[in-house]
$ cat run-v1.pdb   # PDB, C-alpha atoms, pLDDT in the B column
MODEL        1
ATOM      1  CA  MET A   1     147.167  56.874 121.630  1.00 87.00           C
ATOM      2  CA  GLN A   2     149.073  53.990 120.119  1.00 91.00           C
ATOM      3  CA  ARG A   3     147.625  50.471 120.087  1.00 89.00           C
ATOM      4  CA  GLU A   4     150.251  49.213 122.567  1.00 91.00           C
ATOM      5  CA  GLU A   5     149.172  51.889 125.071  1.00 93.00           C
ATOM      6  CA  LEU A   6     145.651  50.481 125.111  1.00 95.00           C
ATOM      7  CA  THR A   7     146.236  48.014 127.943  1.00 96.00           C
ATOM      8  CA  LYS A   8     144.010  45.107 128.873  1.00 96.00           C
ATOM      9  CA  GLU A   9     143.093  46.970 132.076  1.00 97.00           C
ATOM     10  CA  ILE A  10     141.973  50.086 130.165  1.00 97.00           C
ATOM     11  CA  CYS A  11     139.896  47.945 127.799  1.00 97.00           C
ATOM     12  CA  GLN A  12     138.293  45.978 130.618  1.00 98.00           C
ATOM     13  CA  ASN A  13     137.416  49.121 132.576  1.00 98.00           C
ATOM     14  CA  LEU A  14     135.763  50.673 129.508  1.00 98.00           C
ATOM     15  CA  ILE A  15     133.868  47.465 128.772  1.00 98.00           C
ATOM     16  CA  LYS A  16     132.606  47.292 132.376  1.00 98.00           C
ATOM     17  CA  GLU A  17     131.388  50.903 132.172  1.00 98.00           C
ATOM     18  CA  ALA A  18     129.596  50.152 128.897  1.00 98.00           C
ATOM     19  CA  ILE A  19     127.946  47.045 130.373  1.00 98.00           C
ATOM     20  CA  GLN A  20     126.778  49.068 133.397  1.00 98.00           C
ATOM     21  CA  THR A  21     125.160  51.558 130.999  1.00 98.00           C
ATOM     22  CA  LEU A  22     123.127  48.931 129.084  1.00 97.00           C
ATOM     23  CA  PRO A  23     120.067  49.120 131.400  1.00 97.00           C
ATOM     24  CA  TYR A  24     119.595  52.804 130.522  1.00 98.00           C
ATOM     25  CA  SER A  25     119.090  51.968 126.852  1.00 98.00           C
ATOM     26  CA  TYR A  26     115.628  52.993 125.620  1.00 98.00           C
ATOM     27  CA  THR A  27     114.616  50.355 123.056  1.00 98.00           C
ATOM     28  CA  PRO A  28     110.861  49.708 123.146  1.00 97.00           C
ATOM     29  CA  TYR A  29     110.774  48.884 119.404  1.00 97.00           C
ATOM     30  CA  SER A  30     113.857  46.844 118.496  1.00 96.00           C
ATOM     31  CA  HIS A  31     114.649  45.622 122.032  1.00 97.00           C
ATOM     32  CA  PHE A  32     118.306  45.697 120.898  1.00 97.00           C
ATOM     33  CA  LYS A  33     120.215  47.507 123.623  1.00 98.00           C
ATOM     34  CA  VAL A  34     123.605  49.076 122.940  1.00 98.00           C
ATOM     35  CA  ALA A  35     125.919  50.952 125.283  1.00 98.00           C
ATOM     36  CA  ALA A  36     129.275  52.609 124.861  1.00 98.00           C
ATOM     37  CA  ALA A  37     132.047  54.017 127.049  1.00 98.00           C
ATOM     38  CA  LEU A  38     134.191  56.669 125.361  1.00 98.00           C
ATOM     39  CA  LEU A  39     137.659  57.479 126.714  1.00 98.00           C
ATOM     40  CA  ALA A  40     138.680  61.098 126.178  1.00 98.00           C
ATOM     41  CA  LYS A  41     142.324  62.123 126.043  1.00 97.00           C
ATOM     42  CA  SER A  42     141.593  64.046 129.263  1.00 97.00           C
ATOM     43  CA  GLY A  43     141.015  60.687 130.994  1.00 97.00           C
ATOM     44  CA  THR A  44     137.279  61.282 131.398  1.00 98.00           C
ATOM     45  CA  VAL A  45     134.968  58.453 130.363  1.00 98.00           C
ATOM     46  CA  TYR A  46     131.642  59.397 128.764  1.00 98.00           C
ATOM     47  CA  THR A  47     128.955  56.742 128.536  1.00 98.00           C
ATOM     48  CA  GLY A  48     126.049  56.527 126.146  1.00 98.00           C
ATOM     49  CA  CYS A  49     123.188  54.226 125.266  1.00 98.00           C
ATOM     50  CA  ASN A  50     120.907  53.950 122.287  1.00 98.00           C
ATOM     51  CA  ILE A  51     117.665  55.894 122.464  1.00 98.00           C
ATOM     52  CA  GLU A  52     114.919  54.866 120.046  1.00 97.00           C
ATOM     53  CA  ASN A  53     111.998  56.851 118.725  1.00 97.00           C
ATOM     54  CA  ALA A  54     108.732  55.598 117.225  1.00 96.00           C
ATOM     55  CA  SER A  55     109.611  57.496 114.061  1.00 94.00           C
ATOM     56  CA  TYR A  56     112.982  55.638 113.882  1.00 89.00           C
ATOM     57  CA  THR A  57     114.906  58.428 112.098  1.00 90.00           C
ATOM     58  CA  PRO A  58     115.357  60.450 115.331  1.00 93.00           C
ATOM     59  CA  THR A  59     116.817  57.360 117.036  1.00 95.00           C
ATOM     60  CA  ASN A  60     120.312  57.939 118.388  1.00 97.00           C
ATOM     61  CA  CYS A  61     122.987  55.270 118.759  1.00 98.00           C
ATOM     62  CA  ALA A  62     124.954  54.691 121.961  1.00 98.00           C
ATOM     63  CA  GLU A  63     128.227  55.752 120.361  1.00 98.00           C
ATOM     64  CA  ARG A  64     126.846  59.064 119.138  1.00 98.00           C
ATOM     65  CA  THR A  65     125.187  59.665 122.506  1.00 98.00           C
ATOM     66  CA  ALA A  66     128.591  59.292 124.202  1.00 98.00           C
ATOM     67  CA  PHE A  67     130.344  61.516 121.635  1.00 98.00           C
ATOM     68  CA  PHE A  68     127.684  64.224 121.755  1.00 98.00           C
ATOM     69  CA  LYS A  69     127.660  64.166 125.562  1.00 98.00           C
ATOM     70  CA  ALA A  70     131.444  64.624 125.615  1.00 98.00           C
ATOM     71  CA  VAL A  71     131.481  67.389 123.015  1.00 98.00           C
ATOM     72  CA  SER A  72     128.594  69.200 124.718  1.00 98.00           C
ATOM     73  CA  GLU A  73     130.720  69.199 127.891  1.00 97.00           C
ATOM     74  CA  GLY A  74     133.766  70.641 126.096  1.00 97.00           C
ATOM     75  CA  ASP A  75     135.750  67.458 125.443  1.00 98.00           C
ATOM     76  CA  SER A  76     136.547  66.719 121.797  1.00 97.00           C
ATOM     77  CA  HIS A  77     139.725  64.622 121.736  1.00 97.00           C
ATOM     78  CA  PHE A  78     139.428  60.879 122.194  1.00 98.00           C
ATOM     79  CA  ASP A  79     141.492  57.696 122.484  1.00 98.00           C
ATOM     80  CA  ALA A  80     139.065  54.747 122.472  1.00 98.00           C
ATOM     81  CA  ILE A  81     135.482  53.562 122.762  1.00 98.00           C
ATOM     82  CA  ALA A  82     134.119  50.253 124.050  1.00 98.00           C
ATOM     83  CA  ILE A  83     130.829  49.041 122.584  1.00 98.00           C
ATOM     84  CA  VAL A  84     128.547  46.268 123.841  1.00 98.00           C
ATOM     85  CA  GLY A  85     125.052  45.300 122.785  1.00 98.00           C
ATOM     86  CA  GLY A  86     122.482  42.629 122.188  1.00 97.00           C
ATOM     87  CA  LYS A  87     118.823  41.709 122.046  1.00 97.00           C
ATOM     88  CA  GLU A  88     117.122  42.513 125.372  1.00 96.00           C
ATOM     89  CA  GLY A  89     120.523  43.691 126.595  1.00 95.00           C
ATOM     90  CA  LYS A  90     122.026  40.203 126.516  1.00 97.00           C
ATOM     91  CA  VAL A  91     125.560  40.595 125.143  1.00 97.00           C
ATOM     92  CA  GLU A  92     126.334  37.518 123.037  1.00 94.00           C
ATOM     93  CA  GLU A  93     127.966  38.813 119.860  1.00 96.00           C
ATOM     94  CA  PHE A  94     130.281  41.679 118.989  1.00 98.00           C
ATOM     95  CA  CYS A  95     128.303  44.835 118.195  1.00 97.00           C
ATOM     96  CA  PRO A  96     130.137  47.021 115.645  1.00 98.00           C
ATOM     97  CA  PRO A  97     129.212  50.691 115.199  1.00 98.00           C
ATOM     98  CA  CYS A  98     126.935  51.670 112.329  1.00 97.00           C
ATOM     99  CA  GLY A  99     128.212  53.767 109.428  1.00 96.00           C
ATOM    100  CA  VAL A 100     126.823  57.017 110.827  1.00 96.00           C
ATOM    101  CA  CYS A 101     128.626  56.454 114.143  1.00 98.00           C
ATOM    102  CA  ARG A 102     131.841  55.668 112.279  1.00 97.00           C
ATOM    103  CA  GLN A 103     131.474  58.974 110.442  1.00 96.00           C
ATOM    104  CA  VAL A 104     130.992  60.847 113.743  1.00 97.00           C
ATOM    105  CA  MET A 105     134.158  59.191 115.027  1.00 97.00           C
ATOM    106  CA  ALA A 106     135.975  60.399 111.903  1.00 96.00           C
ATOM    107  CA  GLU A 107     134.955  63.974 112.740  1.00 96.00           C
ATOM    108  CA  PHE A 108     136.793  63.943 116.069  1.00 96.00           C
ATOM    109  CA  CYS A 109     139.393  61.177 115.955  1.00 96.00           C
ATOM    110  CA  ASN A 110     142.663  60.388 114.265  1.00 95.00           C
ATOM    111  CA  PRO A 111     141.840  57.221 112.296  1.00 96.00           C
ATOM    112  CA  LYS A 112     145.219  55.657 113.092  1.00 96.00           C
ATOM    113  CA  GLU A 113     145.158  56.535 116.810  1.00 97.00           C
ATOM    114  CA  PHE A 114     141.531  56.003 117.848  1.00 98.00           C
ATOM    115  CA  PHE A 115     140.475  52.485 118.822  1.00 98.00           C
ATOM    116  CA  ILE A 116     137.130  50.714 118.855  1.00 98.00           C
ATOM    117  CA  ILE A 117     136.810  47.903 121.406  1.00 98.00           C
ATOM    118  CA  LEU A 118     134.059  45.435 120.529  1.00 98.00           C
ATOM    119  CA  ALA A 119     133.246  43.213 123.491  1.00 98.00           C
ATOM    120  CA  ARG A 120     131.222  40.210 124.542  1.00 98.00           C
ATOM    121  CA  SER A 121     132.560  40.551 128.094  1.00 97.00           C
ATOM    122  CA  PRO A 122     135.487  42.189 129.900  1.00 97.00           C
ATOM    123  CA  GLU A 123     137.494  39.063 129.086  1.00 97.00           C
ATOM    124  CA  GLU A 124     136.458  38.643 125.437  1.00 98.00           C
ATOM    125  CA  PHE A 125     137.032  41.614 123.170  1.00 98.00           C
ATOM    126  CA  GLN A 126     138.546  42.733 119.875  1.00 98.00           C
ATOM    127  CA  ILE A 127     140.340  46.003 119.143  1.00 98.00           C
ATOM    128  CA  TYR A 128     140.232  47.841 115.812  1.00 98.00           C
ATOM    129  CA  SER A 129     141.558  51.209 114.763  1.00 98.00           C
ATOM    130  CA  LEU A 130     139.059  53.607 113.226  1.00 98.00           C
ATOM    131  CA  GLU A 131     141.060  53.334 110.016  1.00 97.00           C
ATOM    132  CA  GLU A 132     140.479  49.563 109.983  1.00 97.00           C
ATOM    133  CA  ILE A 133     136.700  49.856 110.301  1.00 97.00           C
ATOM    134  CA  LEU A 134     136.315  52.993 108.179  1.00 97.00           C
ATOM    135  CA  PRO A 135     138.794  52.842 105.301  1.00 94.00           C
ATOM    136  CA  PHE A 136     138.706  55.936 103.099  1.00 91.00           C
ATOM    137  CA  GLY A 137     136.569  57.806 105.649  1.00 89.00           C
ATOM    138  CA  PHE A 138     135.538  61.375 104.940  1.00 90.00           C
ATOM    139  CA  SER A 139     137.062  63.755 107.475  1.00 86.00           C
ATOM    140  CA  PRO A 140     137.439  67.488 108.139  1.00 86.00           C
ATOM    141  CA  GLU A 141     140.771  67.262 106.298  1.00 86.00           C
ATOM    142  CA  HIS A 142     138.835  66.769 103.038  1.00 88.00           C
ATOM    143  CA  LEU A 143     137.291  70.233 103.389  1.00 92.00           C
ATOM    144  CA  LYS A 144     140.586  72.120 103.687  1.00 89.00           C
TER     145      LYS A 144
ENDMDL
END
$ encode --input "run-v1.pdb" --output "structure tokens"
Amino acid sequence: MQREELTKEICQNLIKEAIQTLPYSYTPYSHFKVAAALLAKSGTVYTGCNIENASYTPTNCAERTAFFKAVSEGDSHFDAIAIVGGKEGKVEEFCPPCGVCRQVMAEFCNPKEFFIILARSPEEFQIYSLEEILPFGFSPEHLK
């Protein structure tokens, strides 16, 4: 997908799906809820939320939940992801993906053609390419 193909309507629909997923977030420790809506090239949208664990290390981010759900269902080519989050599920600031999630994105996505939509609401959002938020990312191409 090219940036100009990522219309306002597509972004807003993904953001709305992410916001609707926020209540499913399991965050009894940090109380910082995050949700994501991942658009596959097939047109299917996979949602995910963060799932914490008392041991912290097994905690899984919303973005990785969405990616792993999609891949486990046979979809592994993606165009964009919308991410929302905030303390107690109140979305006030932009919520960028952590480094591990960025690395998972690099596994499956073209860094120039995959877009991350950070949103405060369906009306207020920013769009970045994976390349912009993960310069010099390590990808499967490095292992060839």
$ atom_distance --input "run-v1.pdb" --atom1 "atom CA of Tyr26 of chain A" --atom2 "atom CA of Tyr56 of chain A"
12.3 Å
$ atom_distance --input "run-v1.pdb" --atom1 "atom CA of Val100 of chain A" --atom2 "atom CA of Leu143 of chain A"
18.4 Å
$ closest_atom_pairs --input "run-v1.pdb" --of "segment 69-138 of chain A" --to "segment 6-16 of chain A" --cutoff "7 Å" --atoms "only C-alpha atoms" --output "CSV"
residue,atom,partner,partner_atom,distance
A:Ala82,CA,A:Ile15,CA,5.5
A:Ala119,CA,A:Ile15,CA,6.8
A:Pro122,CA,A:Gln12,CA,4.8
$ closest_residue --input "run-v1.pdb" --among "A:Lys87, A:Val104, A:Thr65, A:Gly43" --to "His31 of chain A" --atoms "all atoms listed in the file"
A:Lys87
$ closest_residue --input "run-v1.pdb" --among "A:Ser30, A:Gln126, A:Gln103, A:Ser121" --to "Arg64 of chain A" --atoms "all atoms listed in the file"
A:Gln103
$ closest_residue --input "run-v1.pdb" --among "A:Glu5, A:Glu88, A:Glu17, A:Glu141" --to "Tyr29 of chain A" --atoms "all atoms listed in the file"
A:Glu88
$ atom_distance --input "run-v1.pdb" --atom1 "atom CA of Asp75 of chain A" --atom2 "atom CA of Glu124 of chain A"
28.8 Å
$ resolve_selection --input "run-v1.pdb" --expression "the PyMOL selection byres ((chain A and resi 20) around 12)" --output "ChimeraX atom specification"
/A:13-19,21-25,33-37,47-49,82-85,89,91,121-122
$ write_last_selection --input "run-v1.pdb" --atoms "C-alpha atoms" --output "tab-separated table (two decimals), in the coordinates of the input"
chain	number	residue	atom	x	y	z
A	13	ASN	CA	137.42	49.12	132.58
A	14	LEU	CA	135.76	50.67	129.51
A	15	ILE	CA	133.87	47.46	128.77
A	16	LYS	CA	132.61	47.29	132.38
A	17	GLU	CA	131.39	50.90	132.17
A	18	ALA	CA	129.60	50.15	128.90
A	19	ILE	CA	127.95	47.04	130.37
A	21	THR	CA	125.16	51.56	131.00
A	22	LEU	CA	123.13	48.93	129.08
A	23	PRO	CA	120.07	49.12	131.40
A	24	TYR	CA	119.60	52.80	130.52
A	25	SER	CA	119.09	51.97	126.85
A	33	LYS	CA	120.22	47.51	123.62
A	34	VAL	CA	123.60	49.08	122.94
A	35	ALA	CA	125.92	50.95	125.28
A	36	ALA	CA	129.28	52.61	124.86
A	37	ALA	CA	132.05	54.02	127.05
A	47	THR	CA	128.96	56.74	128.54
A	48	GLY	CA	126.05	56.53	126.15
A	49	CYS	CA	123.19	54.23	125.27
A	82	ALA	CA	134.12	50.25	124.05
A	83	ILE	CA	130.83	49.04	122.58
A	84	VAL	CA	128.55	46.27	123.84
A	85	GLY	CA	125.05	45.30	122.78
A	89	GLY	CA	120.52	43.69	126.60
A	91	VAL	CA	125.56	40.60	125.14
A	121	SER	CA	132.56	40.55	128.09
A	122	PRO	CA	135.49	42.19	129.90
$ closest_residue --input "run-v1.pdb" --among "A:Phe68, A:Phe94, A:Ala62, A:Asp79" --to "Phe125 of chain A" --atoms "only C-alpha atoms"
A:Phe94
$ closest_residue --input "run-v1.pdb" --among "A:Thr44, A:Ser76, A:Asn50, A:Asn110" --to "Ser129 of chain A" --atoms "only C-alpha atoms"
A:Asn110
$ residues_around --input "run-v1.pdb" --residues "Ala80 of chain A" --least-positions-apart "5" --cutoff "7 Å" --atoms "all atoms listed in the file" --output "list of chain:residue names"
A:Leu38, A:Leu39, A:Phe114, A:Phe115, A:Ile116
$ resolve_selection --input "run-v1.pdb" --expression "the PyMOL selection byres ((chain A and resi 133) around 12)" --output "list in words"
Pro96, Pro97, Cys98, Gly99, Cys101, Arg102, Gln103, Met105, Ala106, Pro111, Lys112, Phe114, Phe115, Ile116, Ile117, Leu118, Ile127, Tyr128, Ser129, Leu130, Glu131, Glu132, Leu134, Pro135, Phe136 and Gly137 of chain A
$ axis_aligned_box --input "run-v1.pdb" --around "segment 15-22 of chain A" --padding-each-side "4 Å" --output "AutoDock Vina command-line options"
--center_x 128.5 --center_y 49.3 --center_z 131.1 --size_x 18.7 --size_y 12.5 --size_z 12.6
$ closest_residue --input "run-v1.pdb" --among "A:Val71, A:Val45, A:Glu113, A:Pro58" --to "Arg3 of chain A" --atoms "all atoms listed in the file"
A:Glu113
